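Colleague: Please find data-v1.pdb (PDB, C-alpha atoms) on the next line:
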```pdb
ATOM      1  CA  MET A  12       0.000   0.000   0.000
ATOM      2  CA  SER A  13       1.184   3.442  -0.775
ATOM      3  CA  LYS A  14       1.988   6.225   1.567
ATOM      4  CA  PRO A  15       1.388   9.183  -0.730
ATOM      5  CA  THR A  16       3.110  11.599   1.559
ATOM      6  CA  GLU A  17       6.259   9.533   1.796
ATOM      7  CA  THR A  18       9.320  11.206   0.309
ATOM      8  CA  VAL A  19      11.001   8.919  -2.184
ATOM      9  CA  PRO A  20      14.597   9.661  -3.125
ATOM     10  CA  GLY A  21      15.001  10.074  -6.884
ATOM     11  CA  LEU A  22      11.606  11.579  -7.559
ATOM     12  CA  GLU A  23      11.290  15.069  -8.920
ATOM     13  CA  PRO A  24       8.914  17.477  -7.168
ATOM     14  CA  GLY A  25       5.352  16.644  -8.208
ATOM     15  CA  GLU A  26       6.191  13.100  -9.247
ATOM     16  CA  THR A  27       4.724  10.158  -7.369
ATOM     17  CA  ILE A  28       6.109   6.679  -7.001
ATOM     18  CA  GLU A  29       2.909   5.356  -8.579
ATOM     19  CA  ARG A  30       3.088   7.401 -11.785
ATOM     20  CA  THR A  31       6.776   7.918 -12.419
ATOM     21  CA  ALA A  32       8.552   6.241 -15.305
ATOM     22  CA  ARG A  33      11.706   6.159 -13.165
ATOM     23  CA  PHE A  34      12.655   2.738 -11.890
ATOM     24  CA  LEU A  35      13.271   3.299  -8.187
ATOM     25  CA  PRO A  36      13.000  -0.164  -6.636
ATOM     26  CA  LYS A  37      12.463   0.059  -2.910
ATOM     27  CA  PHE A  38      14.647  -2.403  -1.094
ATOM     28  CA  GLY A  39      13.832  -3.190   2.516
ATOM     29  CA  PRO A  40      16.046  -2.503   5.516
ATOM     30  CA  ASP A  41      17.694  -5.863   4.765
ATOM     31  CA  GLY A  42      18.553  -4.693   1.240
ATOM     32  CA  LEU A  43      16.052  -7.082  -0.313
ATOM     33  CA  ILE A  44      12.958  -6.738  -2.474
ATOM     34  CA  PRO A  45      10.368  -9.534  -2.787
ATOM     35  CA  ALA A  46      10.150 -11.173  -6.198
ATOM     36  CA  ILE A  47       7.257 -13.240  -7.529
ATOM     37  CA  VAL A  48       7.876 -15.548 -10.485
ATOM     38  CA  SER A  49       5.020 -16.787 -12.624
ATOM     39  CA  ASP A  50       5.011 -19.076 -15.622
ATOM     40  CA  ALA A  51       4.708 -17.331 -18.988
ATOM     41  CA  LYS A  52       2.620 -20.163 -20.424
ATOM     42  CA  SER A  53       0.336 -21.337 -17.618
ATOM     43  CA  GLY A  54       0.155 -18.175 -15.534
ATOM     44  CA  ASN A  55       0.789 -20.228 -12.402
ATOM     45  CA  VAL A  56       2.880 -18.663  -9.697
ATOM     46  CA  LEU A  57       6.056 -20.741  -9.630
ATOM     47  CA  MET A  58       8.056 -19.390  -6.726
ATOM     48  CA  PHE A  59       8.700 -16.469  -4.451
ATOM     49  CA  ALA A  60      12.134 -15.261  -3.394
ATOM     50  CA  HIS A  61      14.092 -12.089  -2.717
ATOM     51  CA  MET A  62      16.484  -9.994  -4.753
ATOM     52  CA  ASN A  63      19.161  -7.631  -3.621
ATOM     53  CA  ALA A  64      20.356  -4.881  -5.953
ATOM     54  CA  ASP A  65      22.971  -7.164  -7.523
ATOM     55  CA  ALA A  66      20.434  -9.931  -8.166
ATOM     56  CA  LEU A  67      18.019  -7.490  -9.758
ATOM     57  CA  ALA A  68      20.768  -6.000 -11.930
ATOM     58  CA  ALA A  69      21.972  -9.474 -12.951
ATOM     59  CA  THR A  70      18.413 -10.465 -13.838
ATOM     60  CA  LEU A  71      17.915  -7.425 -16.044
ATOM     61  CA  ALA A  72      21.350  -7.732 -17.658
ATOM     62  CA  SER A  73      21.299 -11.486 -18.332
ATOM     63  CA  GLY A  74      17.635 -12.207 -18.961
ATOM     64  CA  PHE A  75      17.753 -15.014 -16.393
ATOM     65  CA  ALA A  76      16.302 -14.685 -12.900
ATOM     66  CA  HIS A  77      18.792 -14.183 -10.099
ATOM     67  CA  PHE A  78      17.978 -13.934  -6.405
ATOM     68  CA  TRP A  79      19.701 -13.383  -3.124
ATOM     69  CA  SER A  80      19.886 -16.674  -1.297
ATOM     70  CA  ARG A  81      19.250 -15.842   2.323
ATOM     71  CA  SER A  82      20.125 -19.359   3.468
ATOM     72  CA  ARG A  83      23.398 -19.426   1.552
ATOM     73  CA  GLY A  84      24.190 -15.741   1.838
ATOM     74  CA  ARG A  85      25.099 -15.304  -1.794
ATOM     75  CA  LEU A  86      23.863 -14.350  -5.247
ATOM     76  CA  TRP A  87      21.875 -17.233  -6.675
ATOM     77  CA  LYS A  88      21.235 -17.792 -10.366
ATOM     78  CA  LYS A  89      18.073 -19.894 -10.183
ATOM     79  CA  GLY A  90      18.684 -23.248 -11.883
ATOM     80  CA  GLU A  91      22.439 -22.850 -12.005
ATOM     81  CA  GLU A  92      22.843 -26.425 -10.737
ATOM     82  CA  SER A  93      19.690 -28.117 -12.059
ATOM     83  CA  GLY A  94      19.618 -26.429 -15.448
ATOM     84  CA  ASN A  95      16.082 -25.261 -14.718
ATOM     85  CA  LEU A  96      16.918 -21.654 -15.436
ATOM     86  CA  LEU A  97      14.181 -19.042 -15.458
ATOM     87  CA  LYS A  98      14.252 -17.270 -18.816
ATOM     88  CA  VAL A  99      12.755 -13.843 -18.222
ATOM     89  CA  ARG A 100       9.907 -12.822 -20.532
ATOM     90  CA  ASP A 101       8.634  -9.800 -18.641
ATOM     91  CA  VAL A 102       9.615  -7.807 -15.569
ATOM     92  CA  ARG A 103       7.049  -5.715 -13.723
ATOM     93  CA  THR A 104       7.036  -3.656 -10.587
ATOM     94  CA  ASP A 105       4.053  -2.610  -8.526
ATOM     95  CA  CYS A 106       2.500   0.717  -7.654
ATOM     96  CA  ASP A 107       4.887   1.291  -4.762
ATOM     97  CA  GLN A 108       7.905  -0.219  -6.522
ATOM     98  CA  ASP A 109       8.513  -2.471  -3.557
ATOM     99  CA  VAL A 110       7.794  -5.794  -5.291
ATOM    100  CA  ILE A 111       9.102  -7.350  -8.516
ATOM    101  CA  TRP A 112       7.029  -9.689 -10.694
ATOM    102  CA  ILE A 113       8.953 -11.838 -13.153
ATOM    103  CA  VAL A 114       7.153 -13.690 -15.944
ATOM    104  CA  ALA A 115       9.406 -16.496 -17.078
ATOM    105  CA  ASP A 116       9.799 -19.711 -18.996
ATOM    106  CA  VAL A 117      11.365 -22.535 -17.015
ATOM    107  CA  GLU A 118      14.175 -24.152 -18.961
ATOM    108  CA  GLY A 119      15.533 -27.664 -18.526
ATOM    109  CA  ASP A 120      13.003 -29.998 -16.984
ATOM    110  CA  GLY A 121      10.423 -27.258 -16.478
ATOM    111  CA  VAL A 122      10.694 -27.641 -12.727
ATOM    112  CA  ALA A 123      10.819 -24.543 -10.546
ATOM    113  CA  CYS A 124      10.736 -26.069  -7.062
ATOM    114  CA  HIS A 125      13.581 -27.800  -5.247
ATOM    115  CA  THR A 126      11.128 -30.622  -4.413
ATOM    116  CA  GLY A 127      10.832 -31.498  -8.109
ATOM    117  CA  ALA A 128       7.398 -29.935  -8.445
ATOM    118  CA  THR A 129       6.619 -27.700 -11.383
ATOM    119  CA  SER A 130       5.730 -24.916  -8.959
ATOM    120  CA  CYS A 131       6.502 -24.431  -5.277
ATOM    121  CA  PHE A 132       2.755 -23.931  -4.738
ATOM    122  CA  TYR A 133       1.732 -27.572  -5.109
ATOM    123  CA  ARG A 134      -0.465 -27.659  -2.001
ATOM    124  CA  ARG A 135      -3.950 -26.286  -1.611
ATOM    125  CA  VAL A 136      -5.121 -24.997   1.752
ATOM    126  CA  THR A 137      -8.475 -26.661   2.232
ATOM    127  CA  GLN A 138     -11.057 -27.350   4.902
ATOM    128  CA  SER A 139     -11.576 -30.900   6.076
ATOM    129  CA  SER A 140     -14.711 -31.717   8.018
ATOM    130  CA  THR A 141     -12.696 -33.996  10.297
ATOM    131  CA  SER A 142      -9.216 -32.458  10.433
ATOM    132  CA  GLY A 143      -9.815 -28.725  10.144
ATOM    133  CA  THR A 144      -7.536 -26.812   7.805
ATOM    134  CA  VAL A 145      -5.239 -29.168   5.926
ATOM    135  CA  LEU A 146      -3.128 -29.220   2.796
ATOM    136  CA  GLU A 147      -4.104 -31.117  -0.318
ATOM    137  CA  HIS A 148      -1.348 -32.001  -2.737
ATOM    138  CA  VAL A 149      -2.355 -30.816  -6.190
ATOM    139  CA  ALA A 150      -0.290 -31.410  -9.270
ATOM    140  CA  LEU A 151      -0.173 -28.175 -11.182
ATOM    141  CA  PRO A 152      -0.501 -28.853 -14.869
ATOM    142  CA  ARG A 153       2.688 -28.737 -16.839
ATOM    143  CA  PRO A 154       2.679 -25.721 -19.086
ATOM    144  CA  THR A 155       1.452 -26.440 -22.556
ATOM    145  CA  GLY A 156       3.752 -25.871 -25.443
ATOM    146  CA  ARG A 157       6.780 -27.424 -23.812
ATOM    147  CA  GLY A 158       8.546 -29.885 -26.107
TER     148      GLY A 158
ATOM    149  CA  MET B   8      14.242 -22.093   0.016
ATOM    150  CA  SER B   9      14.094 -24.909   2.443
ATOM    151  CA  LYS B  10      16.375 -25.739   5.266
ATOM    152  CA  PRO B  11      15.724 -29.486   5.534
ATOM    153  CA  THR B  12      17.391 -29.732   8.914
ATOM    154  CA  GLU B  13      15.279 -26.985  10.422
ATOM    155  CA  THR B  14      12.972 -28.151  13.207
ATOM    156  CA  VAL B  15       9.422 -27.042  12.527
ATOM    157  CA  PRO B  16       6.993 -27.006  15.449
ATOM    158  CA  GLY B  17       3.939 -29.124  14.710
ATOM    159  CA  LEU B  18       5.648 -31.725  12.552
ATOM    160  CA  GLU B  19       5.808 -35.327  13.665
ATOM    161  CA  PRO B  20       9.180 -37.087  13.569
ATOM    162  CA  GLY B  21       9.998 -38.021   9.981
ATOM    163  CA  GLU B  22       7.654 -35.443   8.491
ATOM    164  CA  THR B  23       9.019 -32.565   6.450
ATOM    165  CA  ILE B  24       7.526 -29.151   5.897
ATOM    166  CA  GLU B  25       7.569 -29.871   2.149
ATOM    167  CA  ARG B  26       5.557 -33.100   2.287
ATOM    168  CA  THR B  27       3.259 -32.716   5.246
ATOM    169  CA  ALA B  28      -0.473 -32.283   4.842
ATOM    170  CA  ARG B  29      -0.485 -30.185   8.008
ATOM    171  CA  PHE B  30      -0.998 -26.493   7.434
ATOM    172  CA  LEU B  31       1.771 -24.856   9.433
ATOM    173  CA  PRO B  32       2.095 -21.375   7.961
ATOM    174  CA  LYS B  33       5.394 -19.817   8.894
ATOM    175  CA  PHE B  34       4.929 -16.232   9.970
ATOM    176  CA  GLY B  35       7.990 -14.012  10.114
ATOM    177  CA  PRO B  36       9.392 -12.372  13.240
ATOM    178  CA  ASP B  37       6.908  -9.557  12.595
ATOM    179  CA  GLY B  38       4.015 -12.036  12.696
ATOM    180  CA  LEU B  39       3.378 -11.660   8.959
ATOM    181  CA  ILE B  40       3.422 -13.979   5.962
ATOM    182  CA  PRO B  41       3.693 -12.669   2.391
ATOM    183  CA  ALA B  42       0.617 -13.161   0.223
ATOM    184  CA  ILE B  43       0.456 -13.053  -3.560
ATOM    185  CA  VAL B  44      -2.908 -12.514  -5.231
ATOM    186  CA  SER B  45      -3.467 -13.488  -8.846
ATOM    187  CA  ASP B  46      -6.541 -13.183 -11.017
ATOM    188  CA  ALA B  47      -8.496 -16.399 -11.483
ATOM    189  CA  LYS B  48      -9.410 -15.485 -15.058
ATOM    190  CA  SER B  49      -6.345 -13.796 -16.537
ATOM    191  CA  GLY B  50      -3.632 -15.334 -14.376
ATOM    192  CA  ASN B  51      -2.114 -11.884 -13.869
ATOM    193  CA  VAL B  52      -0.581 -11.119 -10.520
ATOM    194  CA  LEU B  53      -2.843  -8.474  -9.040
ATOM    195  CA  MET B  54      -1.203  -7.455  -5.797
ATOM    196  CA  PHE B  55       1.145  -8.437  -3.037
ATOM    197  CA  ALA B  56       0.540  -7.842   0.649
ATOM    198  CA  HIS B  57       1.002  -9.440   4.052
ATOM    199  CA  MET B  58      -1.234 -11.436   6.340
ATOM    200  CA  ASN B  59      -1.040 -11.962  10.045
ATOM    201  CA  ALA B  60      -2.682 -15.009  11.616
ATOM    202  CA  ASP B  61      -5.992 -13.165  12.001
ATOM    203  CA  ALA B  62      -6.014 -12.048   8.362
ATOM    204  CA  LEU B  63      -5.257 -15.561   7.157
ATOM    205  CA  ALA B  64      -7.968 -17.026   9.374
ATOM    206  CA  ALA B  65     -10.471 -14.394   8.218
ATOM    207  CA  THR B  66      -9.591 -15.120   4.589
ATOM    208  CA  LEU B  67     -10.164 -18.849   5.024
ATOM    209  CA  ALA B  68     -13.352 -18.379   7.040
ATOM    210  CA  SER B  69     -14.996 -15.722   4.871
ATOM    211  CA  GLY B  70     -13.771 -16.565   1.384
ATOM    212  CA  PHE B  71     -12.661 -12.971   0.907
ATOM    213  CA  ALA B  72      -9.019 -11.886   1.078
ATOM    214  CA  HIS B  73      -7.968 -10.105   4.248
ATOM    215  CA  PHE B  74      -4.543  -8.669   4.966
ATOM    216  CA  TRP B  75      -2.683  -6.919   7.695
ATOM    217  CA  SER B  76      -2.341  -3.276   6.781
ATOM    218  CA  ARG B  77       1.124  -2.295   7.912
ATOM    219  CA  SER B  78       0.492   1.378   7.217
ATOM    220  CA  ARG B  79      -2.782   1.455   9.135
ATOM    221  CA  GLY B  80      -1.849  -1.129  11.745
ATOM    222  CA  ARG B  81      -5.078  -3.069  11.446
ATOM    223  CA  LEU B  82      -6.861  -5.962   9.813
ATOM    224  CA  TRP B  83      -7.822  -4.986   6.286
ATOM    225  CA  LYS B  84     -10.562  -6.607   4.248
ATOM    226  CA  LYS B  85      -9.405  -5.763   0.742
ATOM    227  CA  GLY B  86     -12.070  -3.771  -1.056
ATOM    228  CA  GLU B  87     -14.040  -3.011   2.091
ATOM    229  CA  GLU B  88     -14.333   0.636   1.003
ATOM    230  CA  SER B  89     -14.236   0.365  -2.792
ATOM    231  CA  GLY B  90     -16.355  -2.748  -3.118
ATOM    232  CA  ASN B  91     -13.567  -4.379  -5.085
ATOM    233  CA  LEU B  92     -13.471  -7.407  -2.824
ATOM    234  CA  LEU B  93     -11.256 -10.338  -3.667
ATOM    235  CA  LYS B  94     -13.416 -13.448  -3.834
ATOM    236  CA  VAL B  95     -11.106 -16.353  -3.074
ATOM    237  CA  ARG B  96     -11.116 -19.209  -5.572
ATOM    238  CA  ASP B  97      -8.027 -21.077  -4.414
ATOM    239  CA  VAL B  98      -5.498 -20.800  -1.594
ATOM    240  CA  ARG B  99      -2.062 -22.334  -1.941
ATOM    241  CA  THR B 100       1.064 -22.393   0.138
ATOM    242  CA  ASP B 101       4.583 -23.092  -1.004
ATOM    243  CA  CYS B 102       7.116 -25.806  -0.237
ATOM    244  CA  ASP B 103       8.312 -24.063   2.921
ATOM    245  CA  GLN B 104       4.857 -22.825   3.944
ATOM    246  CA  ASP B 105       6.197 -19.311   4.264
ATOM    247  CA  VAL B 106       4.215 -17.742   1.413
ATOM    248  CA  ILE B 107       0.492 -17.746   0.577
ATOM    249  CA  TRP B 108      -0.846 -17.598  -2.976
ATOM    250  CA  ILE B 109      -4.473 -16.543  -3.380
ATOM    251  CA  VAL B 110      -6.292 -17.024  -6.680
ATOM    252  CA  ALA B 111      -9.239 -14.654  -6.712
ATOM    253  CA  ASP B 112     -11.937 -12.939  -8.668
ATOM    254  CA  VAL B 113     -12.062  -9.190  -8.220
ATOM    255  CA  GLU B 114     -15.577  -8.039  -7.459
ATOM    256  CA  GLY B 115     -17.030  -4.581  -8.006
ATOM    257  CA  ASP B 116     -15.163  -2.668 -10.697
ATOM    258  CA  GLY B 117     -12.576  -5.397 -11.179
ATOM    259  CA  VAL B 118      -9.864  -3.085  -9.930
ATOM    260  CA  ALA B 119      -7.241  -4.436  -7.525
ATOM    261  CA  CYS B 120      -4.912  -1.445  -7.213
ATOM    262  CA  HIS B 121      -5.504   1.727  -5.236
ATOM    263  CA  THR B 122      -4.413   3.676  -8.341
ATOM    264  CA  GLY B 123      -7.453   2.405 -10.243
ATOM    265  CA  ALA B 124      -5.423  -0.052 -12.295
ATOM    266  CA  THR B 125      -6.651  -3.596 -12.741
ATOM    267  CA  SER B 126      -3.414  -4.872 -11.206
ATOM    268  CA  CYS B 127      -0.757  -3.149  -9.131
ATOM    269  CA  PHE B 128       1.802  -4.417 -11.643
ATOM    270  CA  TYR B 129       0.949  -1.984 -14.446
ATOM    271  CA  ARG B 130       4.527  -0.985 -15.207
ATOM    272  CA  ARG B 131       7.122  -2.949 -17.133
ATOM    273  CA  VAL B 132      10.782  -2.609 -16.278
ATOM    274  CA  THR B 133      12.432  -2.038 -19.618
ATOM    275  CA  GLN B 134      15.703  -0.926 -21.130
ATOM    276  CA  SER B 135      15.849   2.379 -22.968
ATOM    277  CA  SER B 136      18.804   3.092 -25.217
ATOM    278  CA  THR B 137      18.852   6.674 -24.021
ATOM    279  CA  SER B 138      17.568   6.559 -20.445
ATOM    280  CA  GLY B 139      18.787   3.234 -19.100
ATOM    281  CA  THR B 140      16.312   1.205 -17.110
ATOM    282  CA  VAL B 141      12.885   2.827 -17.115
ATOM    283  CA  LEU B 142       9.277   1.910 -16.522
ATOM    284  CA  GLU B 143       6.744   1.557 -19.295
ATOM    285  CA  HIS B 144       3.097   1.865 -18.372
ATOM    286  CA  VAL B 145       1.251  -1.154 -19.717
ATOM    287  CA  ALA B 146      -2.455  -1.627 -19.419
ATOM    288  CA  LEU B 147      -3.056  -5.179 -18.304
ATOM    289  CA  PRO B 148      -6.005  -6.621 -20.144
ATOM    290  CA  ARG B 149      -9.232  -6.762 -18.201
ATOM    291  CA  PRO B 150     -10.068 -10.342 -17.423
ATOM    292  CA  THR B 151     -12.390 -11.910 -19.924
ATOM    293  CA  GLY B 152     -15.764 -13.059 -18.759
ATOM    294  CA  ARG B 153     -16.477 -10.020 -16.651
ATOM    295  CA  GLY B 154     -19.894  -8.588 -17.248
TER     296      GLY B 154
END
```
If you took the structure in this file and wrote it as structure tokens, what would it be?

Modeller:
Amino acid sequence: MSKPTETVPGLEPGETIERTARFLPKFGPDGLIPAIVSDAKSGNVLMFAHMNADALAATLASGFAHFWSRSRGRLWKKGEESGNLLKVRDVRTDCDQDVIWIVADVEGDGVACHTGATSCFYRRVTQSSTSGTVLEHVALPRPTGRG
Amino acid sequence: MSKPTETVPGLEPGETIERTARFLPKFGPDGLIPAIVSDAKSGNVLMFAHMNADALAATLASGFAHFWSRSRGRLWKKGEESGNLLKVRDVRTDCDQDVIWIVADVEGDGVACHTGATSCFYRRVTQSSTSGTVLEHVALPRPTGRG
């Protein structure tokens, strides 16, 4: 949500973060910005991670999604080991410029999740009459058009 | 990303956060979990916000997306003022159960962003030969099937 009165460095007087054509990504106090990745073909959300400024710059420069691995404390080219690189088709930012949305094709095996699932979001939160709120494993369809 | 050796409260011995059918959403130190909302019809990412436990519970109970408004410091039923409620069609969580993905229909005017845009992600990050990295305003298509 926006705070219209917030002063954003880099804006000219009269400009707002919502309307400017300047790319002024807002990194958090930890130097990170959230990044959503969705599949160019299916529209499914594939994964969610964080970028620091270097990861964002590497993503824009290379056309492949890079993140900051918080667990490993280093720049992380997604798929660098598995071959399941994320080929960037579109990069968006939101009204407040504090989130990045990447639309991508998954290369290699078409798998985005470390579990081997197509998407990290392979479980539905659902209500069970006996067990309350539980997770249901749902296989997301493989994107069409993959050879 | 997972930390397979991490002990997660609520798991039985031998269970992993990736495979369990137990819903054990992992809220951050601030009590919040990130939530992505995408459009059930178009697949576009509409918005990104945060939920606390109350917002998540209210979302599951009511079928309408609720968030924690960090700027207002209160539970926020999205669209409560505009009428552009988010009718929940599907709720997913990811491998680590630290992100929520909501698939929703936007009621009212079909507008998810406070700027009046269909989606908050109405700007493309693009390279200009003269200006470097800039934002291009792109009208996301209105979902089909809306009356």

Colleague: Rank nothing, just name the residue among A:Leu67, A:Leu86, A:Leu22, A:Val114 nearest to Arg100 in chain A, using all atoms listed in the file.

Modeller: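 Ranking A:Leu67, A:Leu86, A:Leu22, A:Val114 by distance to Arg100 in chain A, first place goes to A:Val114.
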
Colleague: Please compute the CA of Val145 in chain A-CA of His73 in chain B distance, one decimal, in Å.

Modeller: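 One can read the CA of Val145 in chain A to CA of His73 in chain B distance as 19.3 Å.
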
Colleague: Given the file shown, enumerate the residues that the PyMOL selection byres ((chain B) within 8 of (chain A)) captures and present them as a tab-separated table (two decimals) with C-alpha atoms, in the coordinates of the input.

Modeller:
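Heads up, here's the output in part-v4.tsv:
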```tsv
chain	number	residue	atom	x	y	z
B	8	MET	CA	14.24	-22.09	0.02
B	10	LYS	CA	16.38	-25.74	5.27
B	25	GLU	CA	7.57	-29.87	2.15
B	27	THR	CA	3.26	-32.72	5.25
B	28	ALA	CA	-0.47	-32.28	4.84
B	29	ARG	CA	-0.48	-30.18	8.01
B	30	PHE	CA	-1.00	-26.49	7.43
B	43	ILE	CA	0.46	-13.05	-3.56
B	49	SER	CA	-6.34	-13.80	-16.54
B	50	GLY	CA	-3.63	-15.33	-14.38
B	51	ASN	CA	-2.11	-11.88	-13.87
B	52	VAL	CA	-0.58	-11.12	-10.52
B	54	MET	CA	-1.20	-7.46	-5.80
B	55	PHE	CA	1.14	-8.44	-3.04
B	56	ALA	CA	0.54	-7.84	0.65
B	76	SER	CA	-2.34	-3.28	6.78
B	78	SER	CA	0.49	1.38	7.22
B	97	ASP	CA	-8.03	-21.08	-4.41
B	98	VAL	CA	-5.50	-20.80	-1.59
B	99	ARG	CA	-2.06	-22.33	-1.94
B	100	THR	CA	1.06	-22.39	0.14
B	101	ASP	CA	4.58	-23.09	-1.00
B	102	CYS	CA	7.12	-25.81	-0.24
B	106	VAL	CA	4.22	-17.74	1.41
B	108	TRP	CA	-0.85	-17.60	-2.98
B	120	CYS	CA	-4.91	-1.44	-7.21
B	121	HIS	CA	-5.50	1.73	-5.24
B	122	THR	CA	-4.41	3.68	-8.34
B	127	CYS	CA	-0.76	-3.15	-9.13
B	128	PHE	CA	1.80	-4.42	-11.64
B	129	TYR	CA	0.95	-1.98	-14.45
B	130	ARG	CA	4.53	-0.98	-15.21
B	131	ARG	CA	7.12	-2.95	-17.13
B	132	VAL	CA	10.78	-2.61	-16.28
B	133	THR	CA	12.43	-2.04	-19.62
B	140	THR	CA	16.31	1.20	-17.11
B	141	VAL	CA	12.88	2.83	-17.11
B	142	LEU	CA	9.28	1.91	-16.52
B	143	GLU	CA	6.74	1.56	-19.30
B	144	HIS	CA	3.10	1.86	-18.37
```

Colleague: Quick one: pull the distance between CA of Asn95 in chain A and CA of Phe78 in chain A, Å, one decimal.

Modeller: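 Between these atoms lies a distance of 14.2 Å.
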
Colleague: At most 10 Å from (-12.0, -5.1, 5.7), file frame, only C-alpha atoms: which residues, as a ChimeraX atom specification?

Modeller: /B:62,65,71-76,81-88,92

Colleague: So how many Å separate CA of Gly74 in chain A and CA of Leu97 in chain A, to one decimal?

Modeller: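 Computing it gives 8.4 Å between the two atoms.
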
Colleague: Report as a VMD selection string all protein, DNA and RNA residues lying within 10 Å of Thr14 in chain B, evaluated on all atoms listed in the file, omitting residues in the same chain fewer than 5 positions from it.

Modeller: chain B and resid 20 23 to 24

Colleague: How would the residues just picked look written out with C-alpha atoms as a compact mmCIF listing (two decimals), keeping the file's coordinate frame?

Modeller:
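Result went into part_25.txt, see below:
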```txt
# COMPACT_ATOMS: atom_id res chain seq x y z
CA PRO B 20 9.18 -37.09 13.57
CA THR B 23 9.02 -32.56 6.45
CA ILE B 24 7.53 -29.15 5.90
```

Colleague: Using only C-alpha atoms, pick whichever of B:Glu19, B:Ser135, B:Asp112, B:Lys94 has the shortest atom-to-atom distance to Thr66 in chain B.

Modeller: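 Using only C-alpha atoms, Thr66 in chain B sits closest to B:Lys94.
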
Colleague: Assuming 6 Å of padding per side, give the centre and edge lengths of the axis-aligned box around every listed atom of range 37-43 of chain B, in Å to one decimal and as lines of an AutoDock Vina configuration file.

Modeller:
```
center_x = 3.7
center_y = -11.8
center_z = 4.6
size_x = 18.5
size_y = 16.4
size_z = 28.3
```

Colleague: All heavy atoms for range 100-105 of chain B, written as an mmCIF file, in the coordinates of the input, could you do that?

Modeller:
```cif
data_model
loop_
_atom_site.group_PDB
_atom_site.id
_atom_site.type_symbol
_atom_site.label_atom_id
_atom_site.label_comp_id
_atom_site.auth_asym_id
_atom_site.auth_seq_id
_atom_site.Cartn_x
_atom_site.Cartn_y
_atom_site.Cartn_z
ATOM 1 N N THR B 100 -0.157 -22.795 -0.547
ATOM 2 C CA THR B 100 1.064 -22.393 0.138
ATOM 3 C C THR B 100 2.229 -23.069 -0.555
ATOM 4 O O THR B 100 2.051 -23.972 -1.374
ATOM 5 C CB THR B 100 1.017 -22.688 1.645
ATOM 6 O OG1 THR B 100 2.108 -22.006 2.283
ATOM 7 C CG2 THR B 100 1.099 -24.180 1.931
ATOM 8 N N ASP B 101 3.427 -22.595 -0.266
ATOM 9 C CA ASP B 101 4.583 -23.092 -1.004
ATOM 10 C C ASP B 101 5.318 -24.178 -0.206
ATOM 11 O O ASP B 101 4.886 -24.577 0.883
ATOM 12 C CB ASP B 101 5.516 -21.938 -1.399
ATOM 13 C CG ASP B 101 6.282 -21.390 -0.226
ATOM 14 O OD1 ASP B 101 5.782 -21.504 0.915
ATOM 15 O OD2 ASP B 101 7.382 -20.844 -0.423
ATOM 16 N N CYS B 102 6.369 -24.674 -0.793
ATOM 17 C CA CYS B 102 7.116 -25.806 -0.237
ATOM 18 C C CYS B 102 7.493 -25.578 1.229
ATOM 19 O O CYS B 102 7.427 -26.501 2.037
ATOM 20 C CB CYS B 102 8.354 -26.093 -1.091
ATOM 21 S SG CYS B 102 9.284 -24.619 -1.592
ATOM 22 N N ASP B 103 7.874 -24.374 1.557
ATOM 23 C CA ASP B 103 8.312 -24.063 2.921
ATOM 24 C C ASP B 103 7.183 -23.525 3.799
ATOM 25 O O ASP B 103 7.424 -23.223 4.974
ATOM 26 C CB ASP B 103 9.418 -22.999 2.883
ATOM 27 C CG ASP B 103 10.617 -23.461 2.104
ATOM 28 O OD1 ASP B 103 10.875 -24.679 2.079
ATOM 29 O OD2 ASP B 103 11.296 -22.599 1.515
ATOM 30 N N GLN B 104 6.014 -23.388 3.236
ATOM 31 C CA GLN B 104 4.857 -22.825 3.944
ATOM 32 C C GLN B 104 5.145 -21.438 4.526
ATOM 33 O O GLN B 104 4.668 -21.103 5.607
ATOM 34 C CB GLN B 104 4.349 -23.787 5.039
ATOM 35 C CG GLN B 104 3.890 -25.144 4.495
ATOM 36 C CD GLN B 104 2.914 -25.852 5.420
ATOM 37 O OE1 GLN B 104 2.061 -25.223 6.048
ATOM 38 N NE2 GLN B 104 3.017 -27.160 5.512
ATOM 39 N N ASP B 105 5.956 -20.675 3.792
ATOM 40 C CA ASP B 105 6.197 -19.311 4.264
ATOM 41 C C ASP B 105 5.693 -18.243 3.289
ATOM 42 O O ASP B 105 6.059 -17.066 3.405
ATOM 43 C CB ASP B 105 7.675 -19.092 4.624
ATOM 44 C CG ASP B 105 8.627 -19.358 3.471
ATOM 45 O OD1 ASP B 105 8.152 -19.648 2.355
ATOM 46 O OD2 ASP B 105 9.851 -19.283 3.689
#
```
